[in-house]
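What follows is the content of run-v7.pdb, which has PDB, C-alpha atoms, pLDDT in the B column:
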ATOM      1  CA  MET A  19      20.743   0.203  62.086  1.00 65.00           C
ATOM      2  CA  SER A  20      18.647  -2.750  63.283  1.00 70.00           C
ATOM      3  CA  SER A  21      16.190  -2.307  60.410  1.00 83.00           C
ATOM      4  CA  SER A  22      18.942  -2.214  57.813  1.00 85.00           C
ATOM      5  CA  SER A  23      19.619  -5.146  55.520  1.00 85.00           C
ATOM      6  CA  HIS A  24      23.217  -4.026  54.968  1.00 88.00           C
ATOM      7  CA  PRO A  25      24.594  -2.419  58.154  1.00 92.00           C
ATOM      8  CA  SER A  26      28.168  -2.894  56.974  1.00 93.00           C
ATOM      9  CA  GLN A  27      27.405  -0.862  53.856  1.00 94.00           C
ATOM     10  CA  ILE A  28      25.910   1.921  55.953  1.00 95.00           C
ATOM     11  CA  ILE A  29      29.148   2.051  57.935  1.00 95.00           C
ATOM     12  CA  LEU A  30      31.147   2.075  54.704  1.00 96.00           C
ATOM     13  CA  HIS A  31      28.928   4.864  53.368  1.00 96.00           C
ATOM     14  CA  LEU A  32      30.011   7.029  56.307  1.00 97.00           C
ATOM     15  CA  LEU A  33      33.539   5.799  56.945  1.00 97.00           C
ATOM     16  CA  PHE A  34      35.633   7.542  54.280  1.00 97.00           C
ATOM     17  CA  LYS A  35      33.408  10.624  54.278  1.00 98.00           C
ATOM     18  CA  SER A  36      33.725  11.111  58.024  1.00 97.00           C
ATOM     19  CA  LEU A  37      37.469  10.498  58.042  1.00 97.00           C
ATOM     20  CA  ALA A  38      38.052  12.975  55.208  1.00 97.00           C
ATOM     21  CA  ILE A  39      36.002  15.704  56.889  1.00 97.00           C
ATOM     22  CA  LEU A  40      37.481  15.131  60.357  1.00 97.00           C
ATOM     23  CA  LEU A  41      41.020  15.131  59.029  1.00 97.00           C
ATOM     24  CA  TYR A  42      40.294  18.278  57.031  1.00 96.00           C
ATOM     25  CA  LEU A  43      38.960  20.062  60.122  1.00 96.00           C
ATOM     26  CA  PHE A  44      41.331  18.789  62.788  1.00 96.00           C
ATOM     27  CA  GLY A  45      44.302  17.359  60.907  1.00 95.00           C
ATOM     28  CA  SER A  46      46.396  20.477  61.447  1.00 93.00           C
ATOM     29  CA  THR A  47      46.248  19.851  65.197  1.00 94.00           C
ATOM     30  CA  LEU A  48      47.810  16.429  64.672  1.00 92.00           C
ATOM     31  CA  THR A  49      50.544  17.388  62.223  1.00 93.00           C
ATOM     32  CA  SER A  50      51.918  20.526  60.594  1.00 92.00           C
ATOM     33  CA  ASN A  51      52.832  18.632  57.424  1.00 95.00           C
ATOM     34  CA  PHE A  52      50.332  19.990  54.902  1.00 94.00           C
ATOM     35  CA  VAL A  53      51.545  17.719  52.106  1.00 95.00           C
ATOM     36  CA  PHE A  54      50.842  14.653  54.240  1.00 96.00           C
ATOM     37  CA  LEU A  55      47.346  15.886  55.072  1.00 96.00           C
ATOM     38  CA  PHE A  56      46.707  16.769  51.439  1.00 96.00           C
ATOM     39  CA  VAL A  57      47.653  13.317  50.174  1.00 97.00           C
ATOM     40  CA  VAL A  58      45.722  11.428  52.852  1.00 97.00           C
ATOM     41  CA  ILE A  59      42.552  13.492  52.369  1.00 97.00           C
ATOM     42  CA  ILE A  60      42.747  13.058  48.589  1.00 97.00           C
ATOM     43  CA  LEU A  61      43.083   9.299  49.081  1.00 98.00           C
ATOM     44  CA  LEU A  62      40.079   9.265  51.429  1.00 98.00           C
ATOM     45  CA  GLN A  63      38.003  11.277  48.970  1.00 97.00           C
ATOM     46  CA  SER A  64      38.940   8.938  46.133  1.00 97.00           C
ATOM     47  CA  ALA A  65      38.234   5.850  48.232  1.00 98.00           C
ATOM     48  CA  ASP A  66      34.822   7.241  49.143  1.00 98.00           C
ATOM     49  CA  PHE A  67      33.998   7.997  45.514  1.00 97.00           C
ATOM     50  CA  TYR A  68      34.907   4.451  44.488  1.00 96.00           C
ATOM     51  CA  ALA A  69      33.083   2.800  47.399  1.00 97.00           C
ATOM     52  CA  THR A  70      29.925   4.867  46.934  1.00 96.00           C
ATOM     53  CA  LYS A  71      29.846   4.396  43.179  1.00 94.00           C
ATOM     54  CA  ASN A  72      30.725   0.719  42.923  1.00 93.00           C
ATOM     55  CA  ILE A  73      29.696  -0.854  46.228  1.00 93.00           C
ATOM     56  CA  VAL A  74      27.411   1.151  48.505  1.00 95.00           C
ATOM     57  CA  GLY A  75      24.934   2.340  45.870  1.00 93.00           C
ATOM     58  CA  ARG A  76      24.504  -1.172  44.529  1.00 90.00           C
ATOM     59  CA  LYS A  77      23.747  -2.603  47.968  1.00 91.00           C
ATOM     60  CA  LEU A  78      21.678   0.153  49.578  1.00 92.00           C
ATOM     61  CA  ALA A  79      19.803   1.733  46.649  1.00 90.00           C
ATOM     62  CA  LYS A  80      20.143  -1.137  44.145  1.00 89.00           C
ATOM     63  CA  LEU A  81      21.441   1.307  41.543  1.00 92.00           C
ATOM     64  CA  ARG A  82      24.628   1.542  39.550  1.00 90.00           C
ATOM     65  CA  TRP A  83      25.988   4.000  37.012  1.00 89.00           C
ATOM     66  CA  TRP A  84      29.113   4.501  35.002  1.00 86.00           C
ATOM     67  CA  ALA A  85      30.249   6.586  32.069  1.00 83.00           C
ATOM     68  CA  THR A  86      32.231   5.638  28.999  1.00 84.00           C
ATOM     69  CA  VAL A  87      33.830   7.850  26.371  1.00 85.00           C
ATOM     70  CA  ASP A  88      33.332   7.134  22.689  1.00 83.00           C
ATOM     71  CA  GLU A  89      36.843   7.155  21.241  1.00 83.00           C
ATOM     72  CA  THR A  90      35.632   8.225  17.800  1.00 84.00           C
ATOM     73  CA  THR A  91      33.356  11.100  18.815  1.00 84.00           C
ATOM     74  CA  GLY A  92      34.773  11.937  22.246  1.00 81.00           C
ATOM     75  CA  LYS A  93      31.262  12.040  23.714  1.00 84.00           C
ATOM     76  CA  SER A  94      30.445  10.630  27.139  1.00 82.00           C
ATOM     77  CA  ASN A  95      27.901   7.825  27.274  1.00 85.00           C
ATOM     78  CA  TRP A  96      26.128   7.326  30.596  1.00 81.00           C
ATOM     79  CA  ARG A  97      25.140   3.780  31.509  1.00 86.00           C
ATOM     80  CA  TYR A  98      22.628   2.843  34.202  1.00 85.00           C
ATOM     81  CA  GLU A  99      21.560  -0.319  35.936  1.00 84.00           C
ATOM     82  CA  SER A 100      18.897  -0.947  38.556  1.00 82.00           C
ATOM     83  CA  LEU A 101      17.267  -3.741  40.504  1.00 72.00           C
ATOM     84  CA  ASP A 102      14.465  -5.833  39.037  1.00 58.00           C
ATOM     85  CA  GLU A 103      11.904  -4.756  41.636  1.00 53.00           C
ATOM     86  CA  THR A 104       9.358  -7.300  40.426  1.00 48.00           C
ATOM     87  CA  ASP A 105      11.473  -9.981  42.104  1.00 51.00           C
ATOM     88  CA  ALA A 106      10.410 -10.156  45.752  1.00 46.00           C
ATOM     89  CA  LYS A 107      13.700 -11.824  46.695  1.00 53.00           C
ATOM     90  CA  THR A 108      15.650  -8.691  45.831  1.00 61.00           C
ATOM     91  CA  SER A 109      13.407  -5.976  47.245  1.00 73.00           C
ATOM     92  CA  ILE A 110      14.868  -2.645  48.360  1.00 82.00           C
ATOM     93  CA  ASN A 111      15.121  -1.943  52.078  1.00 88.00           C
ATOM     94  CA  THR A 112      13.505   1.463  52.655  1.00 89.00           C
ATOM     95  CA  THR A 113      15.806   2.279  55.575  1.00 91.00           C
ATOM     96  CA  ASP A 114      18.887   1.539  53.493  1.00 93.00           C
ATOM     97  CA  ALA A 115      17.661   3.534  50.501  1.00 92.00           C
ATOM     98  CA  ASN A 116      16.595   6.580  52.530  1.00 94.00           C
ATOM     99  CA  PHE A 117      19.887   6.658  54.414  1.00 96.00           C
ATOM    100  CA  PHE A 118      21.853   6.308  51.187  1.00 96.00           C
ATOM    101  CA  TRP A 119      20.102   9.262  49.540  1.00 96.00           C
ATOM    102  CA  MET A 120      20.240  11.446  52.662  1.00 97.00           C
ATOM    103  CA  VAL A 121      24.009  11.064  52.975  1.00 97.00           C
ATOM    104  CA  LEU A 122      24.481  11.409  49.228  1.00 97.00           C
ATOM    105  CA  TYR A 123      22.761  14.810  49.255  1.00 97.00           C
ATOM    106  CA  ILE A 124      24.301  16.123  52.475  1.00 97.00           C
ATOM    107  CA  TYR A 125      27.940  15.168  51.900  1.00 97.00           C
ATOM    108  CA  PRO A 126      28.632  17.553  48.940  1.00 97.00           C
ATOM    109  CA  LEU A 127      27.362  20.475  51.027  1.00 98.00           C
ATOM    110  CA  PHE A 128      30.329  20.128  53.384  1.00 97.00           C
ATOM    111  CA  TRP A 129      32.876  20.500  50.588  1.00 97.00           C
ATOM    112  CA  ILE A 130      30.978  23.337  48.959  1.00 97.00           C
ATOM    113  CA  LEU A 131      30.899  25.128  52.318  1.00 97.00           C
ATOM    114  CA  PHE A 132      34.611  24.468  52.838  1.00 97.00           C
ATOM    115  CA  LEU A 133      35.277  25.786  49.345  1.00 97.00           C
ATOM    116  CA  VAL A 134      33.444  29.040  49.993  1.00 97.00           C
ATOM    117  CA  LEU A 135      35.176  29.522  53.351  1.00 96.00           C
ATOM    118  CA  GLY A 136      38.565  28.736  51.826  1.00 95.00           C
ATOM    119  CA  VAL A 137      38.133  31.384  49.153  1.00 96.00           C
ATOM    120  CA  LEU A 138      36.895  33.978  51.643  1.00 96.00           C
ATOM    121  CA  ARG A 139      39.835  33.287  53.959  1.00 94.00           C
ATOM    122  CA  PHE A 140      42.350  33.160  51.093  1.00 93.00           C
ATOM    123  CA  LYS A 141      43.423  29.616  52.032  1.00 92.00           C
ATOM    124  CA  PHE A 142      43.926  28.621  48.442  1.00 91.00           C
ATOM    125  CA  GLU A 143      46.069  25.591  49.267  1.00 90.00           C
ATOM    126  CA  TRP A 144      42.976  24.075  50.903  1.00 95.00           C
ATOM    127  CA  VAL A 145      40.702  25.176  48.078  1.00 96.00           C
ATOM    128  CA  VAL A 146      42.196  22.449  45.874  1.00 95.00           C
ATOM    129  CA  LEU A 147      41.052  19.820  48.366  1.00 95.00           C
ATOM    130  CA  ASP A 148      37.637  21.459  48.531  1.00 97.00           C
ATOM    131  CA  CYS A 149      37.309  21.380  44.746  1.00 97.00           C
ATOM    132  CA  VAL A 150      38.269  17.711  44.564  1.00 97.00           C
ATOM    133  CA  GLY A 151      35.849  16.781  47.353  1.00 97.00           C
ATOM    134  CA  ALA A 152      33.022  18.783  45.801  1.00 97.00           C
ATOM    135  CA  ALA A 153      33.653  17.412  42.308  1.00 97.00           C
ATOM    136  CA  LEU A 154      33.751  13.759  43.397  1.00 97.00           C
ATOM    137  CA  SER A 155      30.738  13.959  45.711  1.00 97.00           C
ATOM    138  CA  VAL A 156      28.645  15.959  43.239  1.00 97.00           C
ATOM    139  CA  GLY A 157      29.678  13.521  40.504  1.00 94.00           C
ATOM    140  CA  ASN A 158      28.239  10.615  42.469  1.00 96.00           C
ATOM    141  CA  LEU A 159      25.105  12.606  43.247  1.00 96.00           C
ATOM    142  CA  ILE A 160      24.528  13.439  39.581  1.00 94.00           C
ATOM    143  CA  GLY A 161      25.241   9.878  38.477  1.00 93.00           C
ATOM    144  CA  TYR A 162      22.823   8.301  40.927  1.00 95.00           C
ATOM    145  CA  SER A 163      20.162  10.965  40.348  1.00 93.00           C
ATOM    146  CA  ARG A 164      20.254  10.286  36.619  1.00 91.00           C
ATOM    147  CA  CYS A 165      20.176   6.569  37.282  1.00 91.00           C
ATOM    148  CA  ASP A 166      17.127   6.909  39.532  1.00 89.00           C
ATOM    149  CA  LYS A 167      15.404   9.136  36.976  1.00 90.00           C
ATOM    150  CA  GLU A 168      16.085   6.595  34.243  1.00 86.00           C
ATOM    151  CA  LYS A 169      14.756   3.825  36.474  1.00 84.00           C
ATOM    152  CA  LYS A 170      11.465   5.688  36.974  1.00 83.00           C
ATOM    153  CA  ARG A 171      11.183   6.322  33.253  1.00 84.00           C
ATOM    154  CA  ARG A 172      11.673   2.610  32.574  1.00 79.00           C
ATOM    155  CA  TRP A 173       8.991   1.790  35.127  1.00 73.00           C
ATOM    156  CA  LYS A 174       6.528   3.999  33.266  1.00 78.00           C
ATOM    157  CA  GLU A 175       7.490   2.299  30.026  1.00 76.00           C
ATOM    158  CA  PHE A 176       6.971  -1.069  31.677  1.00 70.00           C
ATOM    159  CA  GLY A 177       3.546   0.021  32.897  1.00 71.00           C
ATOM    160  CA  ARG A 178       2.510   0.988  29.388  1.00 73.00           C
ATOM    161  CA  GLN A 179       3.750  -2.304  27.962  1.00 70.00           C
ATOM    162  CA  VAL A 180       1.784  -4.481  30.380  1.00 67.00           C
ATOM    163  CA  GLY A 181      -1.224  -2.156  30.322  1.00 62.00           C
ATOM    164  CA  VAL A 182      -1.236  -1.224  33.990  1.00 51.00           C
ATOM    165  CA  GLY A 183      -3.277   1.813  34.836  1.00 47.00           C
ATOM    166  CA  GLY A 184      -2.240   4.120  37.632  1.00 45.00           C
ATOM    167  CA  GLU A 185      -3.369   6.923  39.802  1.00 45.00           C
ATOM    168  CA  GLY A 186      -2.301  10.526  39.595  1.00 42.00           C
ATOM    169  CA  ASP A 187       0.427  11.109  37.020  1.00 43.00           C
ATOM    170  CA  GLY A 188       0.841   7.505  35.952  1.00 40.00           C
ATOM    171  CA  GLY A 189       1.966   5.937  39.243  1.00 39.00           C
ATOM    172  CA  TRP A 190       1.037   2.469  40.430  1.00 36.00           C
ATOM    173  CA  ASN A 191       1.573   0.115  43.312  1.00 41.00           C
ATOM    174  CA  MET A 192       4.868  -1.520  42.444  1.00 39.00           C
ATOM    175  CA  SER A 193       4.492  -4.254  45.053  1.00 39.00           C
ATOM    176  CA  SER A 194       1.308  -5.462  43.361  1.00 38.00           C
ATOM    177  CA  VAL A 195       3.164  -5.554  40.074  1.00 39.00           C
ATOM    178  CA  GLY A 196       5.902  -7.716  41.575  1.00 40.00           C
ATOM    179  CA  GLY A 197       4.571 -11.129  40.752  1.00 41.00           C
ATOM    180  CA  ASN A 198       1.329 -11.188  42.745  1.00 40.00           C
ATOM    181  CA  VAL A 199      -0.657  -9.936  39.768  1.00 39.00           C
ATOM    182  CA  PHE A 200       1.435 -10.769  36.738  1.00 41.00           C
ATOM    183  CA  GLY A 201       3.770 -13.489  37.981  1.00 44.00           C
ATOM    184  CA  GLU A 202       6.778 -14.526  35.935  1.00 47.00           C
ATOM    185  CA  GLY A 203       5.399 -12.917  32.778  1.00 47.00           C
ATOM    186  CA  ALA A 204       5.555  -9.492  34.382  1.00 48.00           C
ATOM    187  CA  ARG A 205       9.129 -10.010  35.489  1.00 48.00           C
ATOM    188  CA  ASN A 206      10.127 -10.967  31.955  1.00 50.00           C
ATOM    189  CA  ALA A 207       8.375  -7.917  30.540  1.00 49.00           C
ATOM    190  CA  PHE A 208      10.008  -5.749  33.158  1.00 47.00           C
ATOM    191  CA  ALA A 209      13.442  -7.107  32.308  1.00 47.00           C
ATOM    192  CA  ASN A 210      12.835  -6.176  28.682  1.00 49.00           C
ATOM    193  CA  ALA A 211      11.595  -2.712  29.605  1.00 46.00           C
ATOM    194  CA  MET A 212      14.515  -2.079  31.924  1.00 48.00           C
ATOM    195  CA  PHE A 213      17.999  -1.725  30.596  1.00 45.00           C
ATOM    196  CA  VAL A 214      19.270  -5.109  31.738  1.00 43.00           C
ATOM    197  CA  ASN A 215      19.322  -6.395  28.175  1.00 37.00           C
ATOM    198  CA  SER A 216      20.244  -3.097  26.544  1.00 39.00           C
ATOM    199  CA  VAL A 217      23.517  -2.829  28.437  1.00 42.00           C
ATOM    200  CA  ALA A 218      24.320  -6.525  28.738  1.00 35.00           C
ATOM    201  CA  SER A 219      27.283  -6.303  26.412  1.00 34.00           C
ATOM    202  CA  THR A 220      28.614  -3.324  28.354  1.00 37.00           C
ATOM    203  CA  LEU A 221      28.194  -5.113  31.684  1.00 36.00           C
ATOM    204  CA  ASN A 222      30.161  -8.076  30.442  1.00 36.00           C
ATOM    205  CA  GLY A 223      33.111  -5.891  29.610  1.00 38.00           C
ATOM    206  CA  ASN A 224      33.059  -3.049  32.096  1.00 44.00           C
ATOM    207  CA  GLY A 225      35.693  -4.599  34.344  1.00 42.00           C
ATOM    208  CA  ASN A 226      33.817  -3.867  37.573  1.00 47.00           C
ATOM    209  CA  GLY A 227      34.015  -7.438  38.811  1.00 44.00           C
ATOM    210  CA  ASP A 228      30.862  -8.667  40.497  1.00 51.00           C
ATOM    211  CA  ASP A 229      27.961  -7.190  38.511  1.00 55.00           C
ATOM    212  CA  ARG A 230      25.199  -8.397  40.778  1.00 55.00           C
ATOM    213  CA  LEU A 231      23.007  -5.815  42.474  1.00 64.00           C
TER     214      LEU A 231
END
Written form, structure tokens:
Amino acid sequence: MSSSSHPSQIILHLLFKSLAILLYLFGSTLTSNFVFLFVVIILLQSADFYATKNIVGRKLAKLRWWATVDETTGKSNWRYESLDETDAKTSINTTDANFFWMVLYIYPLFWILFLVLGVLRFKFEWVVLDCVGAALSVGNLIGYSRCDKEKKRRWKEFGRQVGVGGEGDGGWNMSSVGGNVFGEGARNAFANAMFVNSVASTLNGNGNGDDRL
């Protein structure tokens, strides 16, 4: 926690998840009202989905994703945004990023396990909660995984544009790219290679409030 740049976001990353799981496991010892437990757990799952998608991921991993539906075709369009890593003032904290991804991968496993156990034990009233928890957590995992994959693809495109060679399968030292070698020109080229400009019109009208990463 001491090496984190955003300890409050780490707490938020765990808060709703932990409460939902604890209430799911031990809520029946506190109350016999299943409807009450159902509603509260659904609210906690929804709050976690929103917080992870719109707040925690932006602060810890410097990533953001969202999906829109084309009203004419009915197709889903995925939108991604990531940090300009060539700006040293907005560098990613490794502790924050690693913790974010670890929790993001582990959390869906709980609901998938609960889902399997619920089916095997014929507790179908709980299976609905399991399905909602699994769907929301896996949805965030898929969204951020695609966003991270797109970010890496844009980095490779950026490397080709500025003519940076790399080792292995096209990798390079990103910290050396971040202004020490190319300065402001590299940051401008990176901004063009990344999707900051390509989704600018979407960002201005997505209704998410503060768009800063």
Using the chain letters and numbering of this document, enumerate as JSON, numbers by chain the residues selected by the PyMOL selection byres ((chain A and resi 139-150) around 8).
{"A": [56, 59, 60, 63, 129, 130, 132, 133, 135, 136, 137, 138, 151, 152, 153, 154]}
State, in Å with one decimal place, the distance from CA of Trp119 (chain A) to CA of Ala79 (chain A).
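Atom-to-atom, CA of Trp119 (chain A) to CA of Ala79 (chain A), that is 8.1 Å.
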Just the number, please: distance in Å from CA of Asp88 (chain A) to CA of Gly157 (chain A), one decimal.
19.3 Å
First collect every listed atom of region 88-98 of chain A; then fit an axis-aligned box around them, widen it by 6 Å on each side, and give centre and edge lengths in Å to one decimal, as JSON.
{"center_x": 29.7, "center_y": 7.4, "center_z": 26.0, "size_x": 26.2, "size_y": 21.2, "size_z": 28.4}
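When CA of Asn111 (chain A) is paired with CA of Tyr98 (chain A), their separation reads 20.0 Å.
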Residues within 9 Å of (23.7, 9.4, 39.4), file coords, all atoms listed in the file, listed as a list in words
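The requested residues, written out, are Lys71, Leu81, Arg82, Trp83, Trp84, Tyr98, Gly157, Asn158, Leu159, Ile160, Gly161, Tyr162, Ser163, Arg164, Cys165, Asp166 and Lys167 of chain A.
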Could you write out as a count of residues only the residues that the PyMOL selection byres ((chain A and resi 77) around 10) matches in the shown file?
23
Could you list, as an MDAnalysis selection string, every residue matched by the PyMOL selection byres ((chain A and resi 32) around 12) in this structure?
chainID A and resid 25:31 33:40 62:63 65:67 69:70 74 117:118 120:122 124:125
